[in-house]
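> Take a look at this one; I'll ask things after.
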Amino acid sequence: MEMKAIMQHVDHTLLKPFAAWTEIQALCEEAIAYGAASVCVPPCYIKRIHDNYGERLKICTVVGFPLGYSTAEAKTAETRQAIADGASEIDMVINIAAVKNGDWHYVTEEIRALRQAAGNHILKVIVETCYLTEEEKIAACKAVTDAGADYIKTSTGFGTAGASLDDIRLFRAHIGENIRIKAAGGIRTREAMEAFLEAGCDRIGSSSAAALMKEANEKHN
């Protein structure tokens, strides 16, 4: 698969807490130039990006990030503010403490509340697979499906491990037919991106794709 085709599935990501505006600008310019699906950025930059780039690119942001244990009400407020500022996609982190307590009703209803707050905007649900048992991953698939989210997403990139192909296959077997998959965390090579797409992912979160695209262009020229 050519990098140009891969880039159409990439959320070009910069979520470091010390990311400066000049770095965010570079991210946006790369996303536009290389045809990324979106930029995934800290909430504090959404409005500035929207004011500077308008409809030239889709803005994805994170909610309850990276730990997930803020309240459902706080996450709902974050979601509404992000959309008001110009975000078109929301990547929320589930309450992992609720998972460990076996409170799947809370997990499902929190996702459902953010689904309502997001309206017709894309909602992706980060389940942070590195902290979950296989049984919990399967239950997370059900919660995401029942709550009507658009995507289940593997990882924040801030946990103890990132995406794995085994988890993608597990998701594929247990999510509803309308739920798509986003892999994120540690995906840094063209070969890895291709493998995740072939395994059933629709999106990939990565900070490395633009550099790979540039390298591919230089080789081609």
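Each chain in the structure tokens gets a letter, A, B and so on, in the order shown; residues start at 1 in every chain, and ligands are counted from 1 in the order they appear.
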Write out as a tab-separated table the residues of range 190-220 of chain A that have any atom within 12 Å of an atom of range 12-19 of chain A, one row each with the nearest atom pair and its distance in Å to one decimal, counting only C-alpha atoms, sorted by chain and then rising number.


```
residue	atom	partner	partner_atom	distance
A:Arg203	CA	A:His12	CA	10.3
A:Ile204	CA	A:His12	CA	8.5
A:Gly205	CA	A:Thr13	CA	6.3
A:Ser206	CA	A:Thr13	CA	5.5
A:Ser207	CA	A:Thr13	CA	4.8
A:Ser208	CA	A:His12	CA	8.0
A:Ala209	CA	A:His12	CA	7.1
A:Ala210	CA	A:His12	CA	7.5
A:Ala211	CA	A:His12	CA	10.7
A:Leu212	CA	A:His12	CA	11.8
A:Met213	CA	A:His12	CA	11.6
```

> Could you tell me, as a ChimeraX atom specification, which residues of range 42-97 of chain A DSSP assigns to strand (DSSP E or B) when given the backbone?

/A:59-63,89-93

> Show which residues sit within 9 Å of Lys4 in chain A, as a PyMOL selection string. Count only C-alpha atoms, and ignore same-chain residues fewer than 4 positions away.

chain A and resi 8+34-36+213

> Just the residues within 12 Å of Asn52 in chain A, please, counting only C-alpha atoms, with nothing from its chain fewer than 4 positions along; format it as JSON, numbers by chain.

{"A": [21, 24, 25, 28, 29, 45, 46, 47, 48, 56, 57, 59, 86]}

> Could the residues in this selection be saved with all heavy atoms as a compact mmCIF listing (two decimals), in the first residue's frame?


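Written output follows (result-v7.txt):
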```
# COMPACT_ATOMS: atom_id res chain seq x y z
N TRP A 21 2.81 26.24 19.57
CA TRP A 21 1.98 26.57 18.41
C TRP A 21 2.72 26.37 17.10
O TRP A 21 2.13 25.91 16.11
CB TRP A 21 1.48 28.01 18.52
CG TRP A 21 0.78 28.49 17.29
CD1 TRP A 21 1.12 29.54 16.50
CD2 TRP A 21 -0.41 27.94 16.69
NE1 TRP A 21 0.25 29.69 15.45
CE2 TRP A 21 -0.71 28.71 15.53
CE3 TRP A 21 -1.24 26.87 17.00
CZ2 TRP A 21 -1.80 28.45 14.71
CZ3 TRP A 21 -2.33 26.60 16.17
CH2 TRP A 21 -2.60 27.38 15.04
N ILE A 24 2.34 22.81 16.24
CA ILE A 24 0.97 22.53 15.83
C ILE A 24 0.74 23.02 14.40
O ILE A 24 0.10 22.34 13.58
CB ILE A 24 -0.03 23.18 16.80
CG1 ILE A 24 0.09 22.56 18.20
CG2 ILE A 24 -1.46 23.05 16.27
CD1 ILE A 24 -0.33 21.12 18.31
N GLN A 25 1.26 24.21 14.08
CA GLN A 25 1.15 24.73 12.71
C GLN A 25 1.79 23.78 11.72
O GLN A 25 1.23 23.49 10.65
CB GLN A 25 1.84 26.09 12.62
CG GLN A 25 1.04 27.25 13.14
CD GLN A 25 1.79 28.55 12.96
OE1 GLN A 25 2.88 28.74 13.50
NE2 GLN A 25 1.22 29.46 12.19
N CYS A 28 -0.40 20.79 11.13
CA CYS A 28 -1.54 21.11 10.27
C CYS A 28 -1.12 21.22 8.80
O CYS A 28 -1.82 20.73 7.90
CB CYS A 28 -2.21 22.40 10.73
SG CYS A 28 -3.00 22.29 12.34
N GLU A 29 0.00 21.88 8.56
CA GLU A 29 0.49 22.03 7.18
C GLU A 29 0.80 20.67 6.57
O GLU A 29 0.50 20.42 5.40
CB GLU A 29 1.72 22.94 7.16
CG GLU A 29 1.49 24.37 7.63
CD GLU A 29 0.63 25.18 6.67
OE1 GLU A 29 0.42 24.74 5.51
OE2 GLU A 29 0.16 26.26 7.09
N TYR A 45 -5.83 24.02 21.51
CA TYR A 45 -5.44 24.53 20.19
C TYR A 45 -6.58 24.47 19.16
O TYR A 45 -6.41 24.95 18.04
CB TYR A 45 -4.25 23.75 19.66
CG TYR A 45 -2.94 24.15 20.28
CD1 TYR A 45 -2.16 23.23 20.98
CD2 TYR A 45 -2.46 25.45 20.15
CE1 TYR A 45 -0.95 23.60 21.55
CE2 TYR A 45 -1.25 25.83 20.72
CZ TYR A 45 -0.49 24.90 21.42
OH TYR A 45 0.70 25.27 21.98
N ILE A 46 -7.72 23.90 19.53
CA ILE A 46 -8.78 23.70 18.52
C ILE A 46 -9.20 25.01 17.86
O ILE A 46 -9.22 25.12 16.63
CB ILE A 46 -10.02 23.04 19.15
CG1 ILE A 46 -9.68 21.67 19.71
CG2 ILE A 46 -11.14 22.92 18.11
CD1 ILE A 46 -10.78 21.09 20.59
N LYS A 47 -9.56 26.00 18.67
CA LYS A 47 -10.10 27.24 18.11
C LYS A 47 -9.06 27.94 17.25
O LYS A 47 -9.38 28.47 16.17
CB LYS A 47 -10.58 28.17 19.23
CG LYS A 47 -11.37 29.37 18.71
CD LYS A 47 -11.96 30.19 19.83
CE LYS A 47 -12.90 31.25 19.28
NZ LYS A 47 -12.29 32.10 18.26
N ARG A 48 -7.81 27.94 17.71
CA ARG A 48 -6.76 28.61 16.94
C ARG A 48 -6.55 27.92 15.60
O ARG A 48 -6.37 28.59 14.57
CB ARG A 48 -5.47 28.64 17.76
CG ARG A 48 -4.43 29.61 17.22
CD ARG A 48 -3.31 29.77 18.23
NE ARG A 48 -2.30 30.70 17.74
CZ ARG A 48 -1.18 31.01 18.41
NH1 ARG A 48 -0.95 30.47 19.59
NH2 ARG A 48 -0.31 31.85 17.89
N ARG A 56 -10.14 23.48 5.87
CA ARG A 56 -9.09 22.82 5.08
C ARG A 56 -8.66 21.50 5.69
O ARG A 56 -8.02 20.68 5.03
CB ARG A 56 -7.89 23.74 4.93
CG ARG A 56 -8.18 25.02 4.14
CD ARG A 56 -7.03 26.00 4.23
NE ARG A 56 -5.82 25.47 3.63
CZ ARG A 56 -4.59 25.97 3.84
NH1 ARG A 56 -4.44 27.01 4.66
NH2 ARG A 56 -3.55 25.44 3.25
N LEU A 57 -8.97 21.28 6.95
CA LEU A 57 -8.64 20.00 7.57
C LEU A 57 -9.61 19.72 8.69
O LEU A 57 -10.24 20.63 9.23
CB LEU A 57 -7.20 19.98 8.09
CG LEU A 57 -6.85 20.67 9.40
CD1 LEU A 57 -5.42 20.36 9.78
CD2 LEU A 57 -7.03 22.16 9.34
N ILE A 59 -10.42 18.56 12.49
CA ILE A 59 -9.76 18.65 13.78
C ILE A 59 -10.32 17.58 14.71
O ILE A 59 -11.52 17.54 14.99
CB ILE A 59 -9.95 20.03 14.42
CG1 ILE A 59 -9.47 21.14 13.48
CG2 ILE A 59 -9.22 20.11 15.75
CD1 ILE A 59 -9.86 22.54 13.93
N GLY A 86 -14.65 24.13 17.25
CA GLY A 86 -14.40 23.74 15.87
C GLY A 86 -13.94 22.31 15.64
O GLY A 86 -13.62 21.94 14.51
```

> Would you kindly return, as a PyMOL selection string, each protein, DNA or RNA residue with an atom no farther than 6 Å from any atom of Glu128 in chain A, considering only C-alpha atoms and excluding same-chain residues fewer than 2 positions away?

chain A and resi 126+130+154-155

> Export N, CA, C and O atoms of the chosen residues as a short mmCIF file (atom, residue, chain, number, x, y, z; two decimals), in the first residue's frame?


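Below is the file that was written, part12.cif:
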```cif
data_model
loop_
_atom_site.label_atom_id
_atom_site.label_comp_id
_atom_site.auth_asym_id
_atom_site.auth_seq_id
_atom_site.Cartn_x
_atom_site.Cartn_y
_atom_site.Cartn_z
N ILE A 126 -11.57 5.50 23.49
CA ILE A 126 -10.27 4.91 23.83
C ILE A 126 -10.46 4.01 25.05
O ILE A 126 -10.84 4.46 26.12
N CYS A 130 -3.91 -1.74 27.25
CA CYS A 130 -2.79 -2.22 28.07
C CYS A 130 -3.19 -2.46 29.53
O CYS A 130 -2.49 -3.19 30.24
N THR A 154 -7.72 1.76 20.50
CA THR A 154 -6.92 0.92 21.39
C THR A 154 -6.31 1.66 22.57
O THR A 154 -6.38 1.19 23.70
N SER A 155 -5.70 2.82 22.32
CA SER A 155 -4.76 3.36 23.30
C SER A 155 -4.66 4.87 23.25
O SER A 155 -4.96 5.50 22.23
#
```

> Please identify all polymer residues within 8 Å of Gly157 in chain A, counting only C-alpha atoms, omitting same-chain residues fewer than 3 positions from it, and present them as a ChimeraX atom specification.

/A:161-162,184-186

> What residues in chain A get the DSSP label alpha helix (DSSP H)? Please answer as JSON, numbers by chain.

{"A": [3, 4, 5, 6, 7, 21, 22, 23, 24, 25, 26, 27, 28, 29, 30, 31, 32, 33, 34, 46, 47, 48, 49, 50, 51, 52, 53, 72, 73, 74, 75, 76, 77, 78, 79, 80, 81, 82, 83, 84, 85, 96, 97, 98, 99, 100, 104, 105, 106, 107, 108, 109, 110, 111, 112, 113, 114, 115, 116, 117, 118, 134, 135, 136, 137, 138, 139, 140, 141, 142, 143, 144, 145, 146, 147, 165, 166, 167, 168, 169, 170, 171, 172, 173, 174, 190, 191, 192, 193, 194, 195, 196, 197, 198, 199, 209, 210, 211, 212, 213, 214, 215, 216, 217, 218, 219, 220]}

> Which residues, written as a VMD selection string, have at least one atom at most 12 Å from range 76-84 of chain A, with only C-alpha atoms counted and residues fewer than 3 positions away on the same chain left out?

chain A and resid 41 to 50 58 to 65 70 to 73 87 to 93 109 to 124

> Please produce a file of the residues just selected, as a PDB file, in the first residue's frame, where the atoms kept are C-alpha atoms.


```
ATOM      1  CA  VAL A  41      -4.435  17.895  18.929  1.00  0.00           C
ATOM      2  CA  PRO A  42      -4.833  19.175  22.507  1.00  0.00           C
ATOM      3  CA  PRO A  43      -8.162  20.910  23.160  1.00  0.00           C
ATOM      4  CA  CYS A  44      -6.469  24.239  23.864  1.00  0.00           C
ATOM      5  CA  TYR A  45      -5.444  24.530  20.193  1.00  0.00           C
ATOM      6  CA  ILE A  46      -8.776  23.699  18.522  1.00  0.00           C
ATOM      7  CA  LYS A  47     -10.098  27.235  18.113  1.00  0.00           C
ATOM      8  CA  ARG A  48      -6.764  28.613  16.941  1.00  0.00           C
ATOM      9  CA  ILE A  49      -6.469  25.869  14.337  1.00  0.00           C
ATOM     10  CA  HIS A  50     -10.029  26.404  13.188  1.00  0.00           C
ATOM     11  CA  LYS A  58     -10.604  18.042  10.148  1.00  0.00           C
ATOM     12  CA  ILE A  59      -9.757  18.650  13.785  1.00  0.00           C
ATOM     13  CA  CYS A  60      -9.775  15.721  16.190  1.00  0.00           C
ATOM     14  CA  THR A  61      -9.232  16.253  19.905  1.00  0.00           C
ATOM     15  CA  VAL A  62      -9.141  14.260  23.130  1.00  0.00           C
ATOM     16  CA  VAL A  63     -11.499  14.227  26.108  1.00  0.00           C
ATOM     17  CA  GLY A  64     -10.810  12.851  29.591  1.00  0.00           C
ATOM     18  CA  PHE A  65      -7.255  12.419  28.382  1.00  0.00           C
ATOM     19  CA  SER A  70     -12.615  12.567  35.282  1.00  0.00           C
ATOM     20  CA  THR A  71     -16.389  12.559  35.774  1.00  0.00           C
ATOM     21  CA  ALA A  72     -18.865  11.973  32.988  1.00  0.00           C
ATOM     22  CA  GLU A  73     -20.133  15.516  33.510  1.00  0.00           C
ATOM     23  CA  ALA A  87     -13.542  20.087  16.515  1.00  0.00           C
ATOM     24  CA  SER A  88     -15.207  17.570  14.231  1.00  0.00           C
ATOM     25  CA  GLU A  89     -13.980  14.392  15.959  1.00  0.00           C
ATOM     26  CA  ILE A  90     -13.773  13.483  19.661  1.00  0.00           C
ATOM     27  CA  ASP A  91     -11.502  10.773  21.086  1.00  0.00           C
ATOM     28  CA  MET A  92     -12.685  10.095  24.659  1.00  0.00           C
ATOM     29  CA  VAL A  93     -11.007   7.910  27.295  1.00  0.00           C
ATOM     30  CA  GLU A 109     -23.876   5.427  29.993  1.00  0.00           C
ATOM     31  CA  GLU A 110     -20.833   7.717  30.017  1.00  0.00           C
ATOM     32  CA  ILE A 111     -20.131   6.871  26.376  1.00  0.00           C
ATOM     33  CA  ARG A 112     -23.820   7.374  25.615  1.00  0.00           C
ATOM     34  CA  ALA A 113     -23.736  10.835  27.246  1.00  0.00           C
ATOM     35  CA  LEU A 114     -20.771  11.854  25.105  1.00  0.00           C
ATOM     36  CA  ARG A 115     -22.478  10.397  22.044  1.00  0.00           C
ATOM     37  CA  GLN A 116     -25.374  12.741  22.723  1.00  0.00           C
ATOM     38  CA  ALA A 117     -23.049  15.711  23.401  1.00  0.00           C
ATOM     39  CA  ALA A 118     -21.096  15.039  20.191  1.00  0.00           C
ATOM     40  CA  GLY A 119     -24.247  15.000  18.072  1.00  0.00           C
ATOM     41  CA  ASN A 120     -23.414  14.113  14.477  1.00  0.00           C
ATOM     42  CA  HIS A 121     -19.670  14.515  15.055  1.00  0.00           C
ATOM     43  CA  ILE A 122     -17.461  11.427  15.126  1.00  0.00           C
ATOM     44  CA  LEU A 123     -16.960   9.855  18.565  1.00  0.00           C
ATOM     45  CA  LYS A 124     -14.053   7.482  19.159  1.00  0.00           C
TER      46      LYS A 124
END
```

> To one decimal in Å, tell me the separation between CA of Leu165 in chain A and CA of Lys142 in chain A.

19.3 Å

> Tell me which of A:Arg190, A:Ala195, A:Gly148, A:Asp85 sits closest to Glu215 in chain A, counting only C-alpha atoms.

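When distances to Glu215 in chain A are compared using only C-alpha atoms, the smallest one comes from A:Arg190.
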
> Out of A:Val144, A:Cys201, A:Val127, A:Met193, which residue has the shortest atom-to-atom distance to Met7 in chain A when counting only C-alpha atoms?

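When distances to Met7 in chain A are compared using only C-alpha atoms, the smallest one comes from A:Met193.
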
> Any idea what the distance is between CA of Val125 in chain A and CA of Lys153 in chain A?

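These two atoms are separated by 5.5 Å.
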
> Which distance in Å separates CA of Leu27 in chain A and CA of Asp11 in chain A, to one decimal?

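Separation of CA of Leu27 in chain A and CA of Asp11 in chain A: 10.6 Å.
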